[in-house]
Structure formats: structure tokens, C-alpha cells
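What follows is the content of input34.cif (mmCIF, C-alpha atoms and all ligand atoms).
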```cif
data_structure
loop_
_atom_site.label_atom_id
_atom_site.label_comp_id
_atom_site.auth_asym_id
_atom_site.auth_seq_id
_atom_site.Cartn_x
_atom_site.Cartn_y
_atom_site.Cartn_z
CA MET X 1258 156.79 115.18 43.71
CA GLU X 1259 153.92 115.19 41.20
CA LEU X 1260 152.80 111.83 39.86
CA GLU X 1261 153.00 113.17 36.28
CA THR X 1262 156.65 114.11 36.85
CA LEU X 1263 157.41 110.57 38.04
CA TYR X 1264 155.75 109.11 34.94
CA ALA X 1265 157.60 111.59 32.72
CA LEU X 1266 160.90 110.28 34.11
CA ARG X 1267 160.18 106.81 32.68
CA SER X 1268 162.14 105.64 29.67
CA PRO X 1269 160.21 106.65 26.51
CA VAL X 1270 161.32 103.36 24.94
CA GLY X 1271 159.07 101.43 27.37
CA LEU X 1272 159.66 97.89 28.53
CA PRO X 1273 160.45 94.97 26.20
CA SER X 1274 158.25 92.66 28.32
CA HIS X 1275 155.52 92.83 30.97
CA PRO X 1276 156.56 94.68 34.21
CA ILE X 1277 155.60 91.64 36.30
CA VAL X 1278 158.31 89.61 34.53
CA PHE X 1279 160.94 92.13 35.65
CA LEU X 1280 159.48 92.38 39.13
CA VAL X 1281 159.69 88.62 39.68
CA LEU X 1282 163.22 88.52 38.28
CA LEU X 1283 164.21 91.45 40.51
CA VAL X 1284 163.02 89.64 43.65
CA LEU X 1285 164.59 86.35 42.63
CA THR X 1286 167.98 87.75 41.64
CA TRP X 1287 168.15 90.10 44.62
CA ALA X 1288 167.56 87.09 46.91
CA LEU X 1289 170.48 85.31 45.23
CA HIS X 1290 172.66 88.43 45.48
CA ILE X 1291 171.97 88.99 49.15
CA LEU X 1292 172.48 85.29 50.00
CA ALA X 1293 175.98 85.51 48.50
CA VAL X 1294 176.51 88.84 50.33
CA TYR X 1295 175.60 87.16 53.64
CA VAL X 1296 178.03 84.31 53.08
CA MET X 1297 180.70 86.84 52.05
CA LEU X 1298 180.16 89.08 55.10
CA GLY X 1299 179.78 86.16 57.50
CA SER X 1300 182.86 84.30 56.30
CA THR X 1301 184.96 87.49 56.38
CA ALA X 1302 183.73 88.20 59.93
CA LEU X 1303 184.56 84.63 61.01
CA ALA X 1304 187.99 84.82 59.36
CA LEU X 1305 188.59 88.02 61.34
CA CYS X 1306 187.37 86.47 64.63
CA GLY X 1307 189.58 83.44 63.97
CA SER X 1308 192.65 85.55 63.32
CA VAL X 1309 192.04 87.52 66.54
CA LEU X 1310 191.32 84.47 68.73
CA ALA X 1311 194.04 82.54 66.88
CA GLY X 1312 193.93 79.33 68.92
CA GLY X 1313 192.59 75.80 68.35
CA HIS X 1314 189.55 75.38 66.16
CA TRP X 1315 189.30 79.13 65.46
CA ARG X 1316 192.61 79.13 63.58
CA ARG X 1317 191.42 76.36 61.27
CA LEU X 1318 187.99 77.93 60.76
CA SER X 1319 189.60 81.28 59.99
CA ALA X 1320 191.65 79.81 57.13
CA ALA X 1321 188.63 77.94 55.73
CA MET X 1322 186.43 81.05 55.91
CA LEU X 1323 189.05 83.12 54.11
CA GLU X 1324 188.80 80.62 51.23
CA THR X 1325 185.01 80.93 51.33
CA ALA X 1326 185.08 84.75 51.42
CA LYS X 1327 187.24 85.05 48.32
CA VAL X 1328 184.80 82.95 46.27
CA ALA X 1329 181.68 84.51 47.83
CA VAL X 1330 182.80 88.06 47.01
CA SER X 1331 182.98 87.23 43.30
CA ILE X 1332 179.59 85.54 43.36
CA ALA X 1333 178.03 88.42 45.33
CA ILE X 1334 179.32 90.95 42.78
CA VAL X 1335 178.23 88.91 39.73
CA LEU X 1336 174.81 88.26 41.26
CA GLY X 1337 174.46 91.95 42.17
CA VAL X 1338 174.46 92.96 38.51
CA ALA X 1339 171.16 91.20 37.73
CA PRO X 1340 168.96 93.05 40.28
CA LEU X 1341 170.80 96.24 39.33
CA LEU X 1342 169.55 95.83 35.76
CA PHE X 1343 165.98 95.04 36.82
CA VAL X 1344 165.73 97.86 39.34
CA GLN X 1345 166.88 100.27 36.61
CA VAL X 1346 164.30 98.88 34.19
CA ILE X 1347 161.13 99.06 36.25
CA TYR X 1348 162.02 101.71 38.81
CA ASP X 1349 164.10 103.98 36.60
CA PRO X 1350 162.40 107.25 37.68
CA PHE X 1351 163.39 106.47 41.27
CA TRP X 1352 166.69 104.64 40.96
CA TYR X 1353 168.30 107.19 38.62
CA VAL X 1354 167.23 110.12 40.80
CA SER X 1355 168.76 108.55 43.90
CA ASN X 1356 171.95 107.75 41.97
CA VAL X 1357 172.22 111.33 40.71
CA LEU X 1358 171.48 112.83 44.12
CA SER X 1359 174.31 110.72 45.59
CA ALA X 1360 176.43 110.37 42.46
CA ARG X 1361 179.79 110.47 44.26
CA TRP X 1362 178.72 107.63 46.51
CA ALA X 1363 177.31 105.60 43.63
CA ILE X 1364 180.59 105.94 41.72
CA GLY X 1365 182.77 105.69 44.84
CA PHE X 1366 181.06 102.36 45.56
CA ILE X 1367 183.04 100.78 42.70
CA GLY X 1368 186.40 102.03 44.04
CA LEU X 1369 185.59 100.92 47.59
CA LEU X 1370 184.53 97.48 46.40
CA LEU X 1371 187.68 97.13 44.30
CA ALA X 1372 189.82 98.10 47.29
CA ALA X 1373 188.05 95.52 49.49
CA TYR X 1374 188.40 92.84 46.83
CA TRP X 1375 192.11 93.41 46.31
CA LEU X 1376 192.78 93.62 50.05
CA LEU X 1377 190.99 90.31 50.57
CA TYR X 1378 193.15 88.64 47.94
CA TYR X 1379 196.26 90.29 49.36
CA ARG X 1380 195.36 88.86 52.77
CA TYR X 1381 194.69 85.48 51.21
CA PHE X 1382 198.04 85.24 49.43
CA ARG X 1383 199.91 86.43 52.51
CA ASN X 1384 198.03 84.08 54.81
CA GLY X 1385 200.26 82.99 57.66
CA ARG X 1386 203.12 85.33 56.80
CA GLU X 1387 201.53 88.65 57.60
CA THR X 1388 201.62 90.33 60.97
CA ALA X 1389 198.90 92.97 60.55
CA SER X 1390 196.29 90.43 59.42
CA HIS X 1391 193.51 91.53 61.78
CA LEU X 1392 193.79 95.05 60.52
CA THR X 1393 193.57 93.96 56.88
CA LEU X 1394 190.56 91.74 57.49
CA ALA X 1395 188.85 94.39 59.62
CA THR X 1396 189.41 96.90 56.79
CA VAL X 1397 187.96 94.47 54.24
CA LEU X 1398 184.89 93.90 56.41
CA GLY X 1399 184.50 97.64 57.02
CA LEU X 1400 184.71 98.38 53.27
CA PHE X 1401 182.16 95.65 52.47
CA LEU X 1402 179.79 97.11 55.04
CA LEU X 1403 180.32 100.59 53.64
CA CYS X 1404 179.44 99.28 50.15
CA GLY X 1405 176.28 97.73 51.59
CA PHE X 1406 175.48 101.02 53.30
CA ILE X 1407 175.77 102.89 50.01
CA MET X 1408 173.35 100.41 48.38
CA HIS X 1409 171.07 100.89 51.36
CA GLY X 1410 171.25 104.70 51.06
CA LEU X 1411 170.41 104.59 47.35
CA SER X 1412 167.50 102.17 47.98
CA SER X 1413 166.20 104.44 50.76
CA GLU X 1414 166.46 107.70 48.80
CA MET X 1415 164.46 106.30 45.92
CA LEU X 1416 161.53 105.75 48.29
CA ARG X 1417 161.34 109.43 49.36
CA PRO X 1418 160.22 111.41 46.26
CA GLU X 1419 158.65 113.98 48.59
CA LEU X 1420 162.14 114.98 49.77
CA TRP X 1421 164.01 114.96 46.46
CA MET X 1422 163.63 118.70 45.77
CA ARG X 1423 164.77 119.57 49.29
CA TRP X 1424 167.90 117.44 48.79
CA TYR X 1425 168.56 118.71 45.26
CA ALA X 1426 168.04 122.38 46.06
CA PRO X 1427 168.40 122.93 49.82
CA GLY X 1428 167.09 126.39 50.72
CA GLY X 1429 166.39 127.01 47.02
CA HIS X 1430 170.07 126.69 46.00
CA ILE X 1431 170.85 123.86 43.63
CA ASP X 1432 173.51 121.46 44.88
CA PRO X 1433 174.56 119.31 41.92
CA SER X 1434 177.60 117.82 43.71
CA GLY X 1435 175.99 114.46 44.57
CA SER X 1436 178.23 114.41 47.62
CA ALA X 1437 175.65 113.47 50.27
CA LEU X 1438 173.90 110.25 51.15
CA HIS X 1439 170.61 111.87 52.07
CA ASP X 1440 168.57 109.06 53.53
CA TYR X 1441 169.16 105.96 55.56
CA ASN X 1442 167.44 103.96 58.26
CA PRO X 1443 169.84 102.29 60.74
CA TRP X 1444 167.24 99.62 61.60
CA ARG X 1445 166.60 98.67 58.00
CA PHE X 1446 170.34 98.53 57.33
CA LEU X 1447 171.01 96.54 60.48
CA TYR X 1448 168.22 94.11 59.58
CA PHE X 1449 169.43 93.50 56.02
CA VAL X 1450 173.06 93.18 57.12
CA GLY X 1451 172.39 91.35 60.41
CA LEU X 1452 170.67 88.49 58.57
CA MET X 1453 174.21 87.43 57.69
CA VAL X 1454 174.44 85.87 61.18
CA PRO X 1455 171.69 83.20 60.82
CA VAL X 1456 172.55 82.61 57.14
CA THR X 1457 176.23 82.12 57.97
CA GLY X 1458 175.15 79.78 60.78
CA ALA X 1459 173.31 77.65 58.22
CA TRP X 1460 176.37 77.83 55.97
CA LEU X 1461 178.60 76.57 58.80
CA VAL X 1462 176.35 73.56 59.39
CA GLY X 1463 176.48 72.81 55.65
CA TYR X 1464 180.29 73.17 55.84
CA ARG X 1465 180.29 70.47 58.50
CA GLY X 1466 178.30 68.17 56.21
CA TYR X 1467 180.73 68.92 53.39
CA LEU X 1468 183.81 68.15 55.52
CA GLU X 1469 182.23 64.90 56.67
CA ARG X 1470 181.64 63.81 53.07
CA CYS X 1471 185.30 64.60 52.36
CA GLY X 1472 186.25 62.04 55.04
CA GLU X 1473 187.18 64.48 57.83
CA ARG X 1474 188.10 62.58 60.99
CA ASP X 1475 188.43 65.41 63.52
CA THR X 1476 184.99 65.02 65.13
CA ALA X 1477 185.80 67.57 67.84
CA TYR X 1478 186.22 70.23 65.16
CA LEU X 1479 183.10 69.07 63.28
CA ASP X 1480 180.95 69.22 66.43
CA TRP X 1481 182.38 72.60 67.39
CA VAL X 1482 181.56 74.04 63.95
CA THR X 1483 178.01 72.60 64.10
CA ALA X 1484 177.39 74.03 67.57
CA LEU X 1485 178.69 77.44 66.45
CA GLY X 1486 176.48 77.34 63.34
CA LYS X 1487 173.38 76.44 65.35
CA ARG X 1488 174.04 79.21 67.85
CA CYS X 1489 174.41 81.74 65.04
CA MET X 1490 171.13 80.58 63.49
CA SER X 1491 169.00 80.75 66.62
CA ALA X 1492 170.54 83.82 68.29
CA GLY X 1493 171.04 85.67 64.99
CA GLY X 1494 167.49 84.90 63.81
CA LEU X 1495 165.88 86.08 67.05
CA PHE X 1496 168.05 89.19 67.16
CA SER X 1497 167.07 89.95 63.54
CA LEU X 1498 163.42 89.72 64.52
CA LEU X 1499 163.93 92.38 67.21
CA ILE X 1500 165.68 94.61 64.68
CA TYR X 1501 162.84 94.04 62.21
CA VAL X 1502 160.25 95.19 64.73
CA SER X 1503 162.30 98.35 65.40
CA TRP X 1504 162.56 98.98 61.66
CA MET X 1505 158.81 98.60 61.17
CA SER X 1506 158.15 101.11 63.95
CA THR X 1507 160.18 103.74 62.06
CA LEU X 1508 158.56 103.41 58.61
CA PRO X 1509 157.61 106.72 56.96
CA ALA X 1510 153.92 107.72 56.74
CA SER X 1511 153.95 106.83 53.01
CA ALA X 1512 154.26 103.13 54.01
CA GLY X 1513 150.81 103.45 55.64
CA GLY X 1514 150.03 100.29 57.63
CA PHE X 1515 152.63 98.01 55.98
CA ALA X 1516 153.95 96.84 59.37
CA ALA X 1517 150.64 95.04 60.08
CA SER X 1518 150.12 93.74 56.54
CA ALA X 1519 150.45 90.23 55.09
CA GLY X 1520 153.66 91.36 53.31
CA SER X 1521 155.26 92.17 56.64
CA LEU X 1522 153.99 88.98 58.24
CA ILE X 1523 155.85 87.01 55.56
CA ALA X 1524 159.13 88.65 56.64
CA VAL X 1525 158.38 87.91 60.32
CA VAL X 1526 157.70 84.23 59.59
CA ALA X 1527 160.78 83.95 57.36
CA THR X 1528 163.00 85.56 60.02
CA LEU X 1529 161.62 83.17 62.64
CA ALA X 1530 162.25 80.29 60.24
CA LEU X 1531 165.91 81.34 60.09
CA ALA X 1532 166.07 81.18 63.89
CA ALA X 1533 164.45 77.73 63.77
CA GLY X 1534 167.10 76.44 61.31
CA PRO X 1535 168.70 74.02 63.86
CA LEU X 1536 165.38 72.13 64.03
CA VAL X 1537 165.66 70.96 60.41
CA CYS X 1538 169.29 69.89 60.80
CA ARG X 1539 169.87 66.13 60.44
CA ALA X 1540 172.94 63.96 60.15
CA GLY X 1541 174.47 63.11 56.75
CA SER X 1542 173.07 65.11 53.84
CA GLY X 1543 170.59 66.59 56.38
CA TYR X 1544 173.38 69.06 57.31
CA TYR X 1545 172.59 70.90 54.07
CA ARG X 1546 168.94 71.39 55.01
CA PRO X 1547 169.37 74.59 57.10
CA MET X 1548 171.06 76.29 54.13
CA LEU X 1549 168.23 75.26 51.80
CA ALA X 1550 165.70 76.53 54.34
CA ALA X 1551 167.69 79.78 54.67
CA GLY X 1552 167.53 80.20 50.87
CA VAL X 1553 163.73 79.93 50.93
CA ALA X 1554 163.49 82.30 53.92
CA ILE X 1555 165.65 84.92 52.17
CA LEU X 1556 163.51 84.63 49.04
CA LEU X 1557 160.42 85.37 51.16
CA ILE X 1558 162.19 88.32 52.80
CA ALA X 1559 163.10 89.62 49.33
CA ALA X 1560 159.42 89.38 48.33
CA SER X 1561 158.38 91.23 51.48
CA ARG X 1562 161.00 93.94 50.82
CA GLU X 1563 159.49 94.40 47.36
CA ALA X 1564 155.95 94.51 48.79
CA LEU X 1565 157.07 97.40 50.99
CA ARG X 1566 158.47 99.29 48.00
CA LEU X 1567 155.26 98.73 46.01
CA LYS X 1568 153.23 99.87 49.00
CA ILE X 1569 155.24 103.10 49.41
CA LEU X 1570 155.37 104.02 45.72
CA GLY X 1571 151.83 102.83 44.96
CA GLY X 1572 149.95 103.68 48.16
CA GLY X 1573 152.03 106.70 49.14
CA PHE X 1574 152.52 108.33 45.72
CA GLY X 1575 150.00 106.65 43.41
CA TYR X 1576 152.76 105.26 41.18
CA ASP X 1577 151.73 102.08 39.39
CA ILE X 1578 154.46 100.00 37.78
CA LEU X 1579 151.84 98.02 35.85
CA THR X 1580 151.10 101.09 33.72
CA TYR X 1581 154.63 101.11 32.30
CA PRO X 1582 154.21 101.07 28.48
CA VAL X 1583 155.25 97.71 26.99
CA HIS X 1584 156.73 97.44 23.50
CA PHE X 1585 157.15 93.73 23.34
CA ASP X 1586 160.45 92.75 21.79
CA THR X 1587 160.66 89.02 21.13
CA TYR X 1588 164.35 88.98 20.29
CA SER X 1589 165.51 90.81 23.39
CA THR X 1590 163.16 88.83 25.68
CA LEU X 1591 164.34 85.51 24.25
CA LEU X 1592 167.96 86.65 24.30
CA PHE X 1593 167.64 87.60 27.94
CA PHE X 1594 166.16 84.28 29.08
CA ILE X 1595 168.59 82.23 27.00
CA THR X 1596 171.54 84.28 28.30
CA PHE X 1597 170.28 83.92 31.87
CA ALA X 1598 169.70 80.16 31.65
CA VAL X 1599 172.48 79.00 29.33
CA LEU X 1600 175.35 81.47 29.77
CA GLY X 1601 174.59 82.49 33.36
CA GLY X 1602 173.59 78.96 34.36
CA SER X 1603 176.67 77.26 32.92
CA THR X 1604 179.23 79.78 34.21
CA VAL X 1605 177.80 79.99 37.74
CA ALA X 1606 177.38 76.17 37.83
CA PHE X 1607 180.99 75.82 36.65
CA SER X 1608 182.50 78.05 39.33
CA ILE X 1609 180.41 76.45 42.11
CA ALA X 1610 181.07 72.87 40.92
CA LEU X 1611 184.78 73.63 40.53
CA SER X 1612 185.07 75.03 44.06
CA TRP X 1613 183.04 72.11 45.41
CA GLU X 1614 185.26 69.51 43.79
CA ALA X 1615 188.54 71.36 44.40
CA GLY X 1616 187.70 71.65 48.10
CA LYS X 1617 187.47 67.85 48.38
CA ALA X 1618 190.76 67.17 46.58
CA GLN X 1619 193.90 66.31 48.52
CA GLY X 1620 197.09 67.95 47.17
CA ILE X 1621 197.11 69.39 43.65
CA TYR X 1622 193.65 69.45 42.09
CA THR X 1623 192.98 68.36 38.50
CA ALA X 1624 189.49 68.96 37.17
CA SER X 1625 187.42 65.83 36.52
CA PRO X 1626 186.19 65.28 32.91
CA ARG X 1627 182.68 66.39 33.97
CA ILE X 1628 183.93 69.72 35.34
CA ALA X 1629 186.24 70.20 32.35
CA ARG X 1630 183.25 69.65 30.02
CA LEU X 1631 181.19 72.18 32.00
CA GLY X 1632 184.05 74.71 31.76
CA ASN X 1633 184.33 74.20 27.99
CA ALA X 1634 180.56 74.47 27.59
CA SER X 1635 180.48 77.82 29.40
CA LEU X 1636 183.34 79.12 27.22
CA VAL X 1637 181.50 78.04 24.07
CA ALA X 1638 178.29 79.68 25.35
CA LEU X 1639 180.23 82.91 25.94
CA ALA X 1640 181.79 82.79 22.46
CA VAL X 1641 178.36 82.22 20.84
CA TRP X 1642 176.90 85.08 22.86
CA LEU X 1643 179.68 87.46 21.82
CA ALA X 1644 179.31 86.41 18.17
CA GLN X 1645 175.54 87.03 18.16
CA TYR X 1646 176.10 90.39 19.91
CA PHE X 1647 178.42 91.67 17.20
CA LEU X 1648 176.44 90.03 14.38
CA PHE X 1649 173.18 91.59 15.58
CA GLY X 1650 174.88 94.98 15.98
CA PHE X 1651 176.37 94.71 12.50
CA LEU X 1652 173.03 93.69 10.93
CA THR X 1653 171.30 96.60 12.71
CA MET X 1654 173.95 98.98 11.41
CA ILE X 1655 173.63 97.93 7.77
CA GLY X 1656 169.86 97.25 7.95
C1 LIG O 1701 180.32 94.06 48.90
C2 LIG O 1701 179.42 94.39 48.82
C3 LIG O 1701 177.92 94.50 48.90
C4 LIG O 1701 177.15 94.50 50.00
C5 LIG O 1701 177.59 94.36 51.45
C6 LIG O 1701 175.79 94.68 49.55
C7 LIG O 1701 174.70 94.73 50.39
C8 LIG O 1701 173.44 95.10 50.00
C9 LIG O 1701 172.34 95.37 50.90
C10 LIG O 1701 172.41 95.30 52.42
C11 LIG O 1701 171.28 95.71 50.15
C12 LIG O 1701 169.88 96.06 50.66
C13 LIG O 1701 169.76 97.53 50.93
C14 LIG O 1701 168.40 97.91 51.38
O1 LIG O 1701 167.39 97.45 50.81
O2 LIG O 1701 168.31 98.71 52.32
C15 LIG O 1701 171.69 95.64 48.76
C16 LIG O 1701 170.90 95.91 47.70
C17 LIG O 1701 171.32 95.87 46.42
N1 LIG O 1701 172.59 95.58 45.96
FE1 LIG O 1701 174.13 94.99 47.04
N2 LIG O 1701 175.78 94.76 48.20
C18 LIG O 1701 177.07 94.66 47.75
C19 LIG O 1701 177.51 94.68 46.46
C20 LIG O 1701 176.70 94.89 45.37
C21 LIG O 1701 177.15 94.95 44.01
C22 LIG O 1701 178.59 94.79 43.56
C23 LIG O 1701 176.06 95.18 43.24
C24 LIG O 1701 175.95 95.33 41.76
C25 LIG O 1701 176.80 95.01 40.90
C26 LIG O 1701 174.93 95.29 44.13
C27 LIG O 1701 173.64 95.52 43.74
C28 LIG O 1701 172.59 95.71 44.59
C29 LIG O 1701 171.25 96.05 44.15
C30 LIG O 1701 170.82 96.26 42.71
C31 LIG O 1701 170.47 96.16 45.29
C32 LIG O 1701 168.99 96.41 45.35
C33 LIG O 1701 168.59 97.78 45.03
C34 LIG O 1701 167.10 97.89 45.22
O3 LIG O 1701 166.38 96.92 44.96
O4 LIG O 1701 166.66 98.92 45.68
N3 LIG O 1701 175.36 95.10 45.42
N4 LIG O 1701 173.01 95.27 48.71
#
```
Can you give me the file's structure in the form of C-alpha cells?
Amino acid sequence: MELETLYALRSPVGLPSHPIVFLVLLVLTWALHILAVYVMLGSTALALCGSVLAGGHWRRLSAAMLETAKVAVSIAIVLGVAPLLFVQVIYDPFWYVSNVLSARWAIGFIGLLLAAYWLLYYRYFRNGRETASHLTLATVLGLFLLCGFIMHGLSSEMLRPELWMRWYAPGGHIDPSGSALHDYNPWRFLYFVGLMVPVTGAWLVGYRGYLERCGERDTAYLDWVTALGKRCMSAGGLFSLLIYVSWMSTLPASAGGFAASAGSLIAVVATLALAAGPLVCRAGSGYYRPMLAAGVAILLIAASREALRLKILGGGFGYDILTYPVHFDTYSTLLFFITFAVLGGSTVAFSIALSWEAGKAQGIYTASPRIARLGNASLVALAVWLAQYFLFGFLTMIG
């Protein structure tokens, strides 16, 4: 694919702010998205294991993880939207091509995710009464993984401009069906999905800390959960490192030397840090430390993932995102940051704080005045946002 063609595919409107701003936001929001994805996948997998093993501590963990999964899926979806916007803004020539080449998968993704979401809730509301529970949970997990695989396929296709024409017109005959996922790398997929094991391990240790603060007396259960979490961190982290090395050995020529670069070293160190999570674990509030460390490690892995993309598109094809024309738009830039901080911040803080507090309550939960105020504040923020949206649209129309 000619470099001029790639540049011609850019939006003629340009960017409303500097490309670096979008790049940083892409890395940051993708890290948040994938953290929620890991907790969602890990808790669903543990709920499934618990329902299969059924006895003792597993039964209790399974029920708790089902609760976690149903919150995590919503957060993963909401937090997926932000990187989706940024990837479309700065990598539009690549992202749109991959989405058109695999249009049926890109659209089917929504249906598959909806099916998984509804099935998870179905399983949740039938908890304890259903006989085919393993099958339902296994289907949910399978659908989640398929959704992740579609995202992986789209992310992989965008990095292979040299193959686009072959996929679009195999043997010279145009195939506009969008029915194939043309590119994938099992090692890359396994690495990005397998990181759920150490992250979920860190989550489990945090869950122990949380239960302890709620006054949990069953120390046998608490110790069992902690031991399981630590095992997942160390074994999962080391396993992920092996997968990473395999992935690096299969990079296309366009990635020229990335495997031995500083960007790759960051991912290696971060993956090792995930395996070393048990070392930072301490009693009391120290049980939350592995999860904080995991958050930092995933952020570094997100940065390394981006460095690889920049290397392939820049080194391999000469594409420079910094040359994207900028038509600075103060209103839209301010609106974005205010929306992100005030509307996004208050609504996400509300749902997390609500779940946190509700989890500690015995019997029927009534929101504390602080949580109720936070809920009202996020509703007001939403109403103000909607009002400015329509007002601005109206003023543009008459202006
Ligand atoms: C349940 C489902 C989901 C799973 C398991 C999942 C998993 C993943 C994985 C593994 C990747 C990395 C792929 C790679 O780099 O090879 C990824 C990337 C991404 N996901 Fe998700 N995801 C899910 C849902 C969503 C949703 C609902 C959205 C949007 C609303 C979303 C938006 C994205 C975006 C924008 C990227 C990055 C694309 C890029 O930077 O190239 N994901 N996801």
C-alpha cells in the first residue's frame, strides 16, 4: 500500500487537538478497558470452575465471582468505547479498512456481546435453581473470548497494509462481503487474553482484603482465596512471559527489531512484575497493593503495545501520525476533557462506590447520603451535558 494512499484515507477535517493528546488517551483508556476485561474474564472463568467443582470454598467463590462478572462486563464495555473513539481518530486509515474488510465480524461483535451479557444476567438471576449452569457459564466465557478475538483480528488486520489488496480482491476478484477475519496471531491473542490470570490473581487478593474489612470471620476461606490469588499471579505471570516470547518470535518483518527494543523490554518487565505480585502483598490494606501494581503493569504493557504499532506503521510503512493536520477546536477539546473528567468521572465513581458499599451491607442495602449525593451529581452532569449538546446543535443550525 502506497504511503500517499494511506495519507489520503485520513479524515479531511483533521484533528481537533495534537495527535499526541489522542495517543496518550488511547493508551490510558485501553489500559483501563483491558483491566476491566481481565477482571470480567477471570471472574467468569472462576465462577465456571466453582460451579463445576461445586464443593466447599469453590461454591462460595463461584457465587461471589458471578457478582463480580456482572459488574465487570458493564465496566469493560463502557471503558471499551473510549479507546474505540481514539483509535478511530488517529488511526482512521487503518482501523476503518480493517473494519470494512471484516465488516460482518465487526457488526456481529455487538450481537455476540449482547448475547453474552444477557446470558450472564440470566445465569445470575437463576443462580442456584438452574441445572445447566456450567453450560451457560461456559457459553458466556466462550462468547466473551470470541468478542476479544474479533477485536484482536481487527487490530491485527490494521497492521498489515501490504496485504489489504490481496484480502479485498483475492485473485483480482473483489470480495466486498466482509465475511472473513483475515489476520490473527494466536500468540498475541493468547498473551493479551492470558494476562487475565495474574490480574485476576491480584483481584482475588484484593477481594480477601475487602472481605476482611467487612468483618469476615471465616479465616480458612480467606486464606484459601489468598493462596489461590497468589498462585494465579506467579504462575499466570510466568506463563504470560513465555507466551510473550513466542509472540515476539512471530512478528512480521515490518516490526523490524521491535522484540529487542526498549518498548519490548517494558512489556517484559511489566509481565515479570505481574508474576512478582505476591511479593508486594501485605496484611490489612496491603492486600490491595497487588491490584494497584497490576494496574501500573497493564498501563506499561498498553504503552508497549502502542510502541509496537508505531514501529510497524512508522518503520515498516513510513506512516507518521504526527503529520496529521490539526485544526485546533477549543470548544470540542474543552468539551471532551470536561465530559471525561466530570461526567465520566462521576458516573464511573458512582457505580464503583455503590458496588463497594453495597457489597459490605448486610441484608437490604440503602445508599448512604454520600453515595446518594454522588448519584445525584452524575445525573445532573448528564442532564447538563445533554442540554449543552442540543443547545449547541440548535445554535449551529440557526447560526
Ligand atoms: C467482552 C468483551 C471484550 C473482550 C474479551 C475484549 C478484549 C480485547 C482484547 C484482547 C484486545 C486486544 C487485541 C489485540 O491488541 O490483539 C482488545 C482491544 C480493544 N477493544 Fe476490547 N474486548 C471486549 C469488548 C470491547 C468492547 C465492548 C469495546 C468497545 C465498545 C472494545 C474496544 C476495544 C478497542 C477499541 C480495542 C483496541 C483496538 C486497537 O487499539 O487496536 N472491546 N479488546
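Each of X:Val1462, X:Glu1419, X:Leu1376, X:Asp1440 was checked against Leu1260 of chain X using only C-alpha atoms; the smallest atom-to-atom distance is that of X:Glu1419.
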Within 9 Å of Ile1291 of chain X, counting all atoms listed in the file, which residues show up once you throw out same-chain ones fewer than 6 positions away? Write them as a PyMOL selection string, please.
-> chain X and resi 1333+1336-1337+1449+1453+1555+1559
Would you mind listing the residues within 6 Å of ligand LIG 1701 (chain O), counting only C-alpha atoms and all ligand atoms, as a VMD selection string?
-> chain X and resid 1294 1334 1337 to 1338 1340 to 1341 1344 1370 1401 to 1402 1404 to 1405 1408 to 1409 1412 1445 to 1446 1449 to 1450
So which residues touch Asp1480 of chain X within 10 Å, counting only C-alpha atoms, skipping near sequence neighbours fewer than 5 positions away, as a short mmCIF file (atom, residue, chain, number, x, y, z; two decimals) with C-alpha atoms, in the coordinates of the input?
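File around_7.cif, as written:
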```
data_model
loop_
_atom_site.label_atom_id
_atom_site.label_comp_id
_atom_site.auth_asym_id
_atom_site.auth_seq_id
_atom_site.Cartn_x
_atom_site.Cartn_y
_atom_site.Cartn_z
CA VAL X 1462 176.35 73.56 59.39
CA ARG X 1465 180.29 70.47 58.50
CA ASP X 1475 188.43 65.41 63.52
CA LEU X 1485 178.69 77.44 66.45
CA GLY X 1486 176.48 77.34 63.34
#
```
Interatomic distance, atom CA of Gly1534 of chain X to atom CA of Tyr1295 of chain X (Å, one decimal) | 15.7 Å
Rank X:Ala1437, X:Arg1566, X:Arg1539, X:Gly1410 by their smallest atom-to-atom distance to Ile1578 of chain X, using all atoms listed in the file, and report the top residue only.
-> X:Arg1566
What does the distance between atom CA of Ile1364 of chain X and atom CA of Leu1377 of chain X come to in Å, to one decimal place?
->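 Computing the Euclidean distance for atom CA of Ile1364 of chain X and atom CA of Leu1377 of chain X yields 20.8 Å.
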Would you give the centre and edge lengths, in Å to one decimal, of a box along x, y and z around the listed atoms of segment 1406-1423 of chain X, with 6 Å added to each side, as lines of an AutoDock Vina configuration file?
```
center_x = 167.2
center_y = 110.0
center_z = 49.5
size_x = 29.1
size_y = 31.2
size_z = 19.5
```
Segment 1420-1436 of chain X surroundings by only C-alpha atoms, 6 Å radius, close-in-sequence under 3 positions cut, as a list in words = Leu1358, Ser1359, Ala1360, Arg1361 and Arg1417 of chain X
In Å, with one decimal, what is the gap from atom CA of Ala1524 of chain X to atom CA of Ser1561 of chain X?
->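 Atom CA of Ser1561 of chain X lies 5.8 Å from atom CA of Ala1524 of chain X.
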Point out the residue among X:Phe1593, X:Trp1460, X:Tyr1381, X:Phe1406 with the least atom-to-atom distance to Leu1394 of chain X, counting all atoms listed in the file.
->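 Smallest distance to Leu1394 of chain X is found for X:Tyr1381.
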Contacts of segment 1516-1519 of chain X at 12 Å or less, counting only C-alpha atoms, minus same-chain residues fewer than 4 places along, as a list of chain:residue names?
->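 After dropping sequence-adjacent residues, the list is X:Tyr1501, X:Val1502, X:Ser1503, X:Trp1504, X:Met1505, X:Ser1506, X:Thr1507, X:Leu1508, X:Pro1509, X:Ala1510, X:Ser1511, X:Ala1512, X:Ile1523, X:Ala1524, X:Val1525, X:Val1526, X:Leu1557, X:Ala1560, X:Ser1561, X:Arg1562, X:Ala1564, X:Leu1565, X:Lys1568, X:Ile1569.
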Rank X:Phe1585, X:Tyr1464, X:Tyr1264, X:Tyr1448 by their smallest atom-to-atom distance to Phe1496 of chain X, using only C-alpha atoms, and report the top residue only.
->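 Comparing X:Phe1585, X:Tyr1464, X:Tyr1264, X:Tyr1448 against Phe1496 of chain X, the winner is X:Tyr1448.
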Selected residue of minimal separation from Leu1452 of chain X among X:Ala1554, X:Ile1655, X:Ala1326, X:Val1357, counting only C-alpha atoms |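 Ranked by minimum distance to Leu1452 of chain X, first place goes to X:Ala1554.
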Pull the neighbourhood of (168.6, 80.1, 53.7) for me: all residues within 12 Å in file coordinates, counting only C-alpha atoms, as a PyMOL selection string.
-> chain X and resi 1288-1289+1291-1293+1295-1296+1452-1463+1490+1494+1527-1535+1537+1545-1559
